[in-house]
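Chemist: The following file, model_36.cif, comprises mmCIF, C-alpha atoms and all ligand atoms:
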data_entry
loop_
_atom_site.label_atom_id
_atom_site.label_comp_id
_atom_site.auth_asym_id
_atom_site.auth_seq_id
_atom_site.Cartn_x
_atom_site.Cartn_y
_atom_site.Cartn_z
CA MET A 122 0.00 0.00 0.00
CA ASN A 123 1.22 3.47 -0.86
CA THR A 124 1.20 5.09 2.54
CA ASP A 125 1.01 8.83 2.18
CA ARG A 126 -1.44 9.62 -0.58
CA THR A 127 -4.38 12.00 -0.23
CA LEU A 128 -7.67 11.74 -2.09
CA ILE A 129 -9.57 15.01 -2.41
CA VAL A 130 -13.28 14.47 -3.01
CA ILE A 131 -15.88 17.03 -4.08
CA PRO A 132 -19.60 16.21 -3.97
CA THR A 133 -21.15 17.90 -6.99
CA TYR A 134 -24.65 18.55 -8.22
CA ASN A 135 -24.93 21.04 -11.08
CA GLU A 136 -21.53 22.65 -10.60
CA ARG A 137 -20.51 22.82 -14.24
CA GLU A 138 -19.37 26.44 -13.93
CA ASN A 139 -17.26 25.94 -10.81
CA VAL A 140 -15.56 22.64 -11.49
CA PRO A 141 -12.99 23.57 -14.19
CA ARG A 142 -11.26 26.27 -12.13
CA LEU A 143 -11.62 24.36 -8.85
CA VAL A 144 -10.07 21.15 -10.15
CA ALA A 145 -7.21 23.07 -11.78
CA GLU A 146 -6.55 24.88 -8.52
CA LEU A 147 -6.67 21.69 -6.45
CA LEU A 148 -4.22 19.89 -8.72
CA GLU A 149 -1.89 22.82 -8.22
CA VAL A 150 -2.16 23.49 -4.46
CA ALA A 151 -2.04 19.79 -3.58
CA PRO A 152 0.60 18.34 -5.90
CA GLY A 153 0.70 14.98 -4.12
CA ALA A 154 -3.06 14.45 -4.13
CA ASP A 155 -5.59 12.87 -6.46
CA VAL A 156 -8.88 14.66 -7.11
CA CYS A 157 -12.25 12.94 -7.51
CA LEU A 158 -15.68 14.40 -8.20
CA LEU A 159 -18.59 12.63 -6.51
CA ASP A 160 -21.21 13.57 -9.05
CA ASP A 161 -24.88 12.68 -8.69
CA ASP A 162 -25.46 12.53 -12.43
CA SER A 163 -25.84 16.32 -12.57
CA PRO A 164 -28.37 17.32 -15.25
CA ASP A 165 -26.10 20.21 -16.29
CA GLY A 166 -23.44 17.75 -17.43
CA THR A 167 -20.85 18.54 -14.72
CA ALA A 168 -19.32 15.07 -15.01
CA GLU A 169 -18.85 14.97 -18.82
CA HIS A 170 -17.62 18.54 -18.89
CA ALA A 171 -14.95 17.88 -16.25
CA ARG A 172 -13.97 14.55 -17.79
CA GLY A 173 -13.47 16.24 -21.13
CA LEU A 174 -11.32 19.01 -19.68
CA PHE A 175 -9.08 16.78 -17.58
CA ALA A 176 -9.01 13.72 -19.83
CA SER A 177 -5.23 13.64 -19.89
CA GLU A 178 -4.79 14.16 -16.13
CA PRO A 179 -4.13 10.83 -14.39
CA ARG A 180 -4.70 12.40 -10.97
CA PHE A 181 -8.29 13.30 -11.81
CA SER A 182 -11.35 11.05 -11.81
CA VAL A 183 -15.13 11.20 -11.54
CA LEU A 184 -17.25 8.84 -9.48
CA ARG A 185 -20.54 9.15 -11.24
CA ARG A 186 -23.55 8.02 -9.25
CA ARG A 187 -26.29 6.87 -11.62
CA GLY A 188 -29.55 5.09 -10.95
CA VAL A 189 -29.17 5.57 -7.18
CA PRO A 190 -30.86 8.16 -4.97
CA ARG A 191 -28.85 11.34 -4.88
CA GLY A 192 -27.58 13.02 -1.74
CA TYR A 193 -24.60 14.92 -0.40
CA GLY A 194 -24.04 12.40 2.41
CA ARG A 195 -24.65 9.40 0.20
CA SER A 196 -22.08 10.56 -2.34
CA LEU A 197 -19.50 11.07 0.41
CA VAL A 198 -20.02 7.53 1.68
CA ASP A 199 -19.12 6.28 -1.82
CA GLY A 200 -16.10 8.58 -1.81
CA TYR A 201 -14.92 7.13 1.52
CA ARG A 202 -15.19 3.62 0.12
CA ARG A 203 -13.15 4.64 -2.87
CA ALA A 204 -10.44 6.17 -0.66
CA LEU A 205 -10.19 3.04 1.47
CA GLY A 206 -10.24 0.73 -1.55
CA GLY A 207 -7.62 2.83 -3.30
CA GLY A 208 -5.22 2.65 -0.36
CA TYR A 209 -5.15 6.39 0.36
CA ALA A 210 -3.78 7.51 3.72
CA ARG A 211 -6.36 10.26 4.08
CA LEU A 212 -9.25 12.01 2.40
CA VAL A 213 -10.04 15.70 2.10
CA GLN A 214 -13.58 16.80 1.27
CA LEU A 215 -14.72 20.22 0.17
CA ASP A 216 -17.58 21.92 -1.64
CA ALA A 217 -17.40 22.74 -5.33
CA ASP A 218 -18.49 26.37 -5.01
CA PHE A 219 -15.26 27.95 -3.67
CA SER A 220 -16.80 28.45 -0.24
CA HIS A 221 -13.87 26.34 0.93
CA ASP A 222 -10.52 27.78 -0.07
CA PRO A 223 -8.30 25.06 -1.59
CA ARG A 224 -5.26 26.89 -0.19
CA ARG A 225 -6.25 25.75 3.30
CA ILE A 226 -5.81 22.08 2.35
CA PRO A 227 -2.15 21.86 3.38
CA ALA A 228 -3.09 23.13 6.87
CA LEU A 229 -5.82 20.50 7.18
CA VAL A 230 -3.51 17.74 5.99
CA GLU A 231 -0.80 18.85 8.40
CA ALA A 232 -3.24 18.76 11.33
CA SER A 233 -4.33 15.25 10.30
CA ARG A 234 -0.94 13.95 11.40
CA ALA A 235 -2.07 14.55 14.99
CA ALA A 236 -5.87 14.14 14.70
CA ASP A 237 -7.93 11.60 12.74
CA VAL A 238 -10.66 14.13 12.10
CA VAL A 239 -9.75 17.68 11.07
CA ILE A 240 -12.55 20.17 10.60
CA GLY A 241 -12.06 23.40 8.66
CA SER A 242 -13.83 25.54 11.21
CA ARG A 243 -15.59 28.89 10.89
CA TYR A 244 -16.16 29.18 14.60
CA CYS A 245 -12.78 28.60 16.19
CA GLU A 246 -10.18 31.28 16.88
CA GLY A 247 -9.11 32.78 13.54
CA GLY A 248 -12.04 31.36 11.55
CA GLY A 249 -14.84 33.35 9.94
CA VAL A 250 -17.55 33.82 7.35
CA GLU A 251 -17.53 36.30 4.49
CA ASN A 252 -20.43 37.74 2.51
CA TRP A 253 -23.02 35.24 3.64
CA PRO A 254 -26.51 36.72 4.02
CA VAL A 255 -27.55 37.34 7.64
CA ARG A 256 -30.19 34.61 7.37
CA ARG A 257 -27.62 31.94 6.47
CA ARG A 258 -25.21 33.17 9.15
CA LEU A 259 -27.86 32.90 11.83
CA LEU A 260 -28.97 29.50 10.60
CA SER A 261 -25.41 28.17 10.70
CA ARG A 262 -24.68 29.62 14.16
CA PHE A 263 -27.95 28.32 15.50
CA ALA A 264 -27.40 24.89 13.93
CA ASN A 265 -24.06 24.52 15.68
CA ARG A 266 -25.43 25.57 19.09
CA TYR A 267 -28.38 23.26 18.60
CA VAL A 268 -26.17 20.29 17.71
CA ALA A 269 -23.79 20.95 20.62
CA CYS A 270 -26.66 21.26 23.05
CA ILE A 271 -28.39 18.03 22.07
CA THR A 272 -25.41 15.80 21.39
CA GLY A 273 -23.06 17.22 24.03
CA MET A 274 -20.19 17.39 21.55
CA GLY A 275 -17.59 20.07 22.16
CA VAL A 276 -16.93 20.67 18.46
CA ARG A 277 -17.47 24.29 17.44
CA ASP A 278 -18.25 23.77 13.77
CA ALA A 279 -19.87 20.35 13.44
CA THR A 280 -21.68 21.38 10.25
CA SER A 281 -18.62 22.36 8.21
CA GLY A 282 -18.14 20.32 5.05
CA PHE A 283 -14.44 21.17 4.69
CA ARG A 284 -12.61 18.30 6.38
CA CYS A 285 -9.77 15.86 6.39
CA TYR A 286 -10.14 12.28 7.64
CA THR A 287 -7.48 9.65 8.13
CA ARG A 288 -8.07 6.05 7.02
CA ARG A 289 -8.80 5.14 10.60
CA ALA A 290 -11.55 7.76 10.72
CA LEU A 291 -13.00 6.64 7.37
CA ARG A 292 -13.26 3.08 8.64
CA ALA A 293 -15.05 4.24 11.79
CA LEU A 294 -17.44 6.38 9.75
CA LEU A 295 -18.46 3.51 7.51
CA GLU A 296 -19.15 1.10 10.33
CA GLY A 297 -22.80 0.08 10.51
CA ARG A 298 -25.56 1.89 8.74
CA VAL A 299 -25.17 5.55 7.83
CA ALA A 300 -28.45 7.43 8.26
CA GLY A 301 -27.71 10.93 6.93
CA GLU A 302 -28.52 11.40 3.27
CA GLY A 303 -27.91 15.14 3.01
CA TYR A 304 -25.88 17.65 4.99
CA ALA A 305 -27.03 16.01 8.25
CA PHE A 306 -24.40 13.42 7.45
CA LEU A 307 -21.76 15.94 8.58
CA VAL A 308 -23.14 16.01 12.10
CA GLU A 309 -23.59 12.26 12.09
CA ALA A 310 -19.98 11.74 11.00
CA THR A 311 -18.68 14.08 13.70
CA TYR A 312 -20.73 12.26 16.29
CA ARG A 313 -19.55 8.84 15.17
CA ALA A 314 -15.94 9.95 15.29
CA SER A 315 -16.32 11.41 18.74
CA ARG A 316 -18.09 8.27 20.01
CA ALA A 317 -15.29 6.17 18.54
CA GLY A 318 -12.87 8.21 20.65
CA LEU A 319 -11.01 9.60 17.64
CA PRO A 320 -9.10 12.85 18.16
CA ILE A 321 -10.87 15.77 16.48
CA ALA A 322 -9.08 19.03 15.64
CA GLU A 323 -10.44 22.29 14.27
CA VAL A 324 -8.38 24.42 11.92
CA PRO A 325 -9.59 27.96 11.17
CA ILE A 326 -11.02 28.70 7.72
CA THR A 327 -12.75 31.68 6.17
CA PHE A 328 -15.92 30.55 4.49
CA THR A 329 -17.11 32.65 1.52
CA ASP A 330 -20.50 32.47 -0.12
CA ARG A 331 -20.73 30.97 -3.58
CA ARG A 332 -20.55 33.37 -6.51
CA VAL A 333 -21.72 31.05 -9.29
CA GLY A 334 -24.38 28.37 -9.35
CA GLN A 335 -27.13 27.70 -6.86
CA SER A 336 -27.37 26.42 -3.31
CA LYS A 337 -29.04 23.01 -2.98
CA MET A 338 -30.28 23.65 0.50
CA SER A 339 -33.87 22.38 0.57
CA ARG A 340 -36.67 21.89 3.09
CA LYS A 341 -35.99 18.18 3.09
CA VAL A 342 -32.30 18.49 3.98
CA ILE A 343 -33.06 21.09 6.66
CA LEU A 344 -35.63 18.82 8.26
CA GLU A 345 -33.19 15.92 8.24
CA SER A 346 -30.65 18.17 9.96
CA VAL A 347 -33.14 19.23 12.61
CA LEU A 348 -33.93 15.63 13.47
CA MET A 349 -30.41 14.22 13.25
CA PRO A 350 -29.04 15.32 16.66
CA TRP A 351 -32.04 13.72 18.38
CA ARG A 352 -31.61 10.52 16.37
CA LEU A 353 -27.97 10.41 17.39
CA ARG A 354 -28.68 11.12 21.02
CA PHE A 355 -31.46 8.59 21.35
CA GLY A 356 -29.94 6.05 19.01
CA ARG A 357 -32.83 6.10 16.61
CA ARG A 358 -31.89 4.57 13.31
CA LYS A 359 -33.31 5.04 9.88
CA GLY A 360 -35.99 2.49 9.17
CA GLU A 361 -37.32 2.56 12.71
CA GLY A 362 -39.10 5.84 12.09
CA GLY A 363 -41.28 4.98 9.12
CA ARG A 364 -43.71 7.85 9.61
CA MET A 365 -40.92 10.37 9.90
CA LYS A 366 -39.38 9.06 6.70
CA GLU A 367 -42.66 9.34 4.83
CA ARG A 368 -43.07 12.91 5.94
CA MET A 369 -39.57 13.82 4.83
CA LYS A 370 -40.28 12.28 1.42
CA ALA A 371 -43.49 14.27 1.09
CA GLU A 372 -41.73 17.53 1.96
CA GLY A 373 -38.81 16.91 -0.37
N1 LIG B 401 -23.17 14.56 -5.04
C1 LIG B 401 -24.00 15.50 -4.55
N2 LIG B 401 -23.53 16.71 -4.22
C2 LIG B 401 -24.40 17.63 -3.74
C3 LIG B 401 -25.78 17.38 -3.58
N3 LIG B 401 -26.36 18.49 -3.08
C4 LIG B 401 -25.38 19.41 -2.95
N4 LIG B 401 -24.20 18.88 -3.34
C5 LIG B 401 -22.87 19.54 -3.36
O1 LIG B 401 -22.52 19.80 -2.03
C6 LIG B 401 -21.79 21.02 -1.93
C7 LIG B 401 -22.50 21.98 -0.99
O2 LIG B 401 -23.75 22.32 -1.54
P1 LIG B 401 -24.30 23.81 -1.61
O3 LIG B 401 -25.47 23.83 -2.52
O4 LIG B 401 -23.19 24.76 -1.92
O5 LIG B 401 -24.80 24.02 -0.15
P2 LIG B 401 -24.73 25.34 0.75
O6 LIG B 401 -23.36 25.90 0.62
O7 LIG B 401 -25.05 24.85 2.12
O8 LIG B 401 -25.78 26.24 0.20
C8 LIG B 401 -21.67 21.56 -3.36
O9 LIG B 401 -20.45 21.13 -3.89
C9 LIG B 401 -22.84 20.87 -4.07
O10 LIG B 401 -22.64 20.72 -5.46
C10 LIG B 401 -26.26 16.08 -3.95
O11 LIG B 401 -27.43 15.74 -3.85
N5 LIG B 401 -25.33 15.18 -4.42
MG MG B 402 -22.23 26.21 -0.88
#
Translate this structure into structure tokens?
Ligand SMILES: Nc1nc2c(ncn2[C@@H]2O[C@H](COP(=O)(O)OP(=O)(O)O)[C@@H](O)[C@H]2O)c(=O)[nH]1
Ligand SMILES: [Mg+2]
Modeler:
Amino acid sequence: MNTDRTLIVIPTYNERENVPRLVAELLEVAPGADVCLLDDDSPDGTAEHARGLFASEPRFSVLRRRGVPRGYGRSLVDGYRRALGGGYARLVQLDADFSHDPRRIPALVEASRAADVVIGSRYCEGGGVENWPVRRRLLSRFANRYVACITGMGVRDATSGFRCYTRRALRALLEGRVAGEGYAFLVEATYRASRAGLPIAEVPITFTDRRVGQSKMSRKVILESVLMPWRLRFGRRKGEGGRMKERMKAEG
């Protein structure tokens, strides 16, 4: 097994405009890493477009999810499997919309030498948020307080999607059934890691709002996020709450 390789994964859904520049930047700022899009068969052709542009780049690949239900969390689970199967030492995940600055990746990777879970954090010393509307700021702040309160975790930014996980963390995250389909998966993953006793570190990042493309935040994913901390705390698994699941489907 090659021991020190990094796989950078990017969940994408309709990110055709962002992906060319992002992938080029990632290949440059992380010269030792491979880059993989986790694309949910984006109707805007994100996958084909990126494949065409980086056809001659051996470090680039696309994991195209077809004929399966889409979801941010679901696509990450597939990405984790790929990282483990491919023998990578660690995985970095970030959004496609430049909210997460690729230039922070080396800091995350460095911190992963001491902690299995490294969170790019908006709410630790030195972190911050730029040009996000007040509504989104409040929602994010509230979400983190809410999660901390219910789960008892001491993590300051448990909803950040900019992270680095070691192999050991990836294995722990994939154990048993993963419930979170959307962004709630981030909180679930943090909780699993903390229950597994893995060291968690937060590295400051400045989050900036997307300039191109659209947010995929929906009522369904918000509802899943509202329920997730309670599920985690009371050990309720997906499948046990049939009525809840039906309601989420209807709202989605
Ligand atoms: N694979 C996959 N990626 C998704 C899905 N929904 C959102 N994403 C990606 O997840 C990242 C964060 O989504 P975004 O819409 O920016 O969320 P926001 O920043 O919270 O408004 C982006 O890279 C999206 O393209 C999905 O259903 N499947
Ligand atoms: Mg975004």
Chemist: Could you list, as an MDAnalysis selection string, all the residues within 12 Å of ligand MG 402 (chain B), counting only C-alpha atoms and all ligand atoms?
Modeler: chainID A and resid 131:136 139 193 215:222 253 257 281:283 304 328:338
Chemist: Give me, as an MDAnalysis selection string, all polymer residues having an atom no more than 12 Å from A:Gln214, counting all atoms listed in the file and skipping those fewer than 5 positions away in the same chain.
Modeler: chainID A and resid 127:133 147 155:159 193:194 196:198 200:201 204 221:223 225:226 229:230 238:241 281:287 291 307
Chemist: Between atom O4 of ligand LIG 401 (chain B) and atom CA of A:Ser261, what is the spacing in Å?
Modeler: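 These atoms are spaced 13.3 Å apart.
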Chemist: Neighbours of stretch 344-355 of chain A within 6 Å (all atoms listed in the file; same-chain residues fewer than 6 positions away dropped), as an MDAnalysis selection string?
Modeler: chainID A and resid 268 272 305
Chemist: To one decimal place in Å, what is the distance between atom CA of A:Tyr312 and atom CA of A:Tyr209?
Modeler: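 Distance between the two atoms: 23.0 Å.
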Chemist: When you draw a straight line from atom CA of A:Glu302 to atom C2 of ligand LIG 401 (chain B), how long is it in Å?
Modeler: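 A separation of 10.2 Å between them.
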Chemist: Extending 8 Å beyond the listed atoms of ligand LIG 401 (chain B) on each side, what axis-aligned box results? I want centre and edge lengths in Å to one decimal, as AutoDock Vina command-line options.
Modeler:
--center_x -23.9 --center_y 20.4 --center_z -1.7 --size_x 23.0 --size_y 27.7 --size_z 23.6
Chemist: With distances taken over all atoms listed in the file, which residue among A:Asn265, A:Thr327, A:Ser315, A:Thr124 lies nearest A:Ala236?
Modeler: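 Using all atoms listed in the file, A:Ala236 sits closest to A:Ser315.
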Chemist: Compare A:Cys270, A:Val144, A:Val250, A:Val189 by their minimum atom-to-atom distance to A:Arg172, counting all atoms listed in the file, and give me the closest one.
Modeler: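 When distances to A:Arg172 are compared using all atoms listed in the file, the smallest one comes from A:Val144.
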Chemist: Which of these residues is nearest to A:Gly273, using only C-alpha atoms: A:Arg234, A:Glu178, A:Gly297, A:Thr311?
Modeler: A:Thr311
Chemist: Could you check which of A:Ala151, A:Leu184, A:Val299, A:Leu174 is closest to ligand LIG 401 (chain B), using all atoms listed in the file?
Modeler: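 Residue with the minimum atom-to-atom distance to ligand LIG 401 (chain B): A:Leu184.
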Chemist: So that I can check the surroundings of A:Ala314, please list as an MDAnalysis selection string every protein, DNA and RNA residue that reaches within 8 Å of it, counting only C-alpha atoms and ignoring chain neighbours fewer than 6 positions away.
Modeler: chainID A and resid 238 290 293:294 320:321
Chemist: Neighbouring residues of A:Ile326 were defined as those with any atom within 6 Å, considering all atoms listed in the file; residues of the same chain fewer than 4 positions away were excluded. Please report them as a PyMOL selection string.
Modeler: chain A and resi 241-243+248
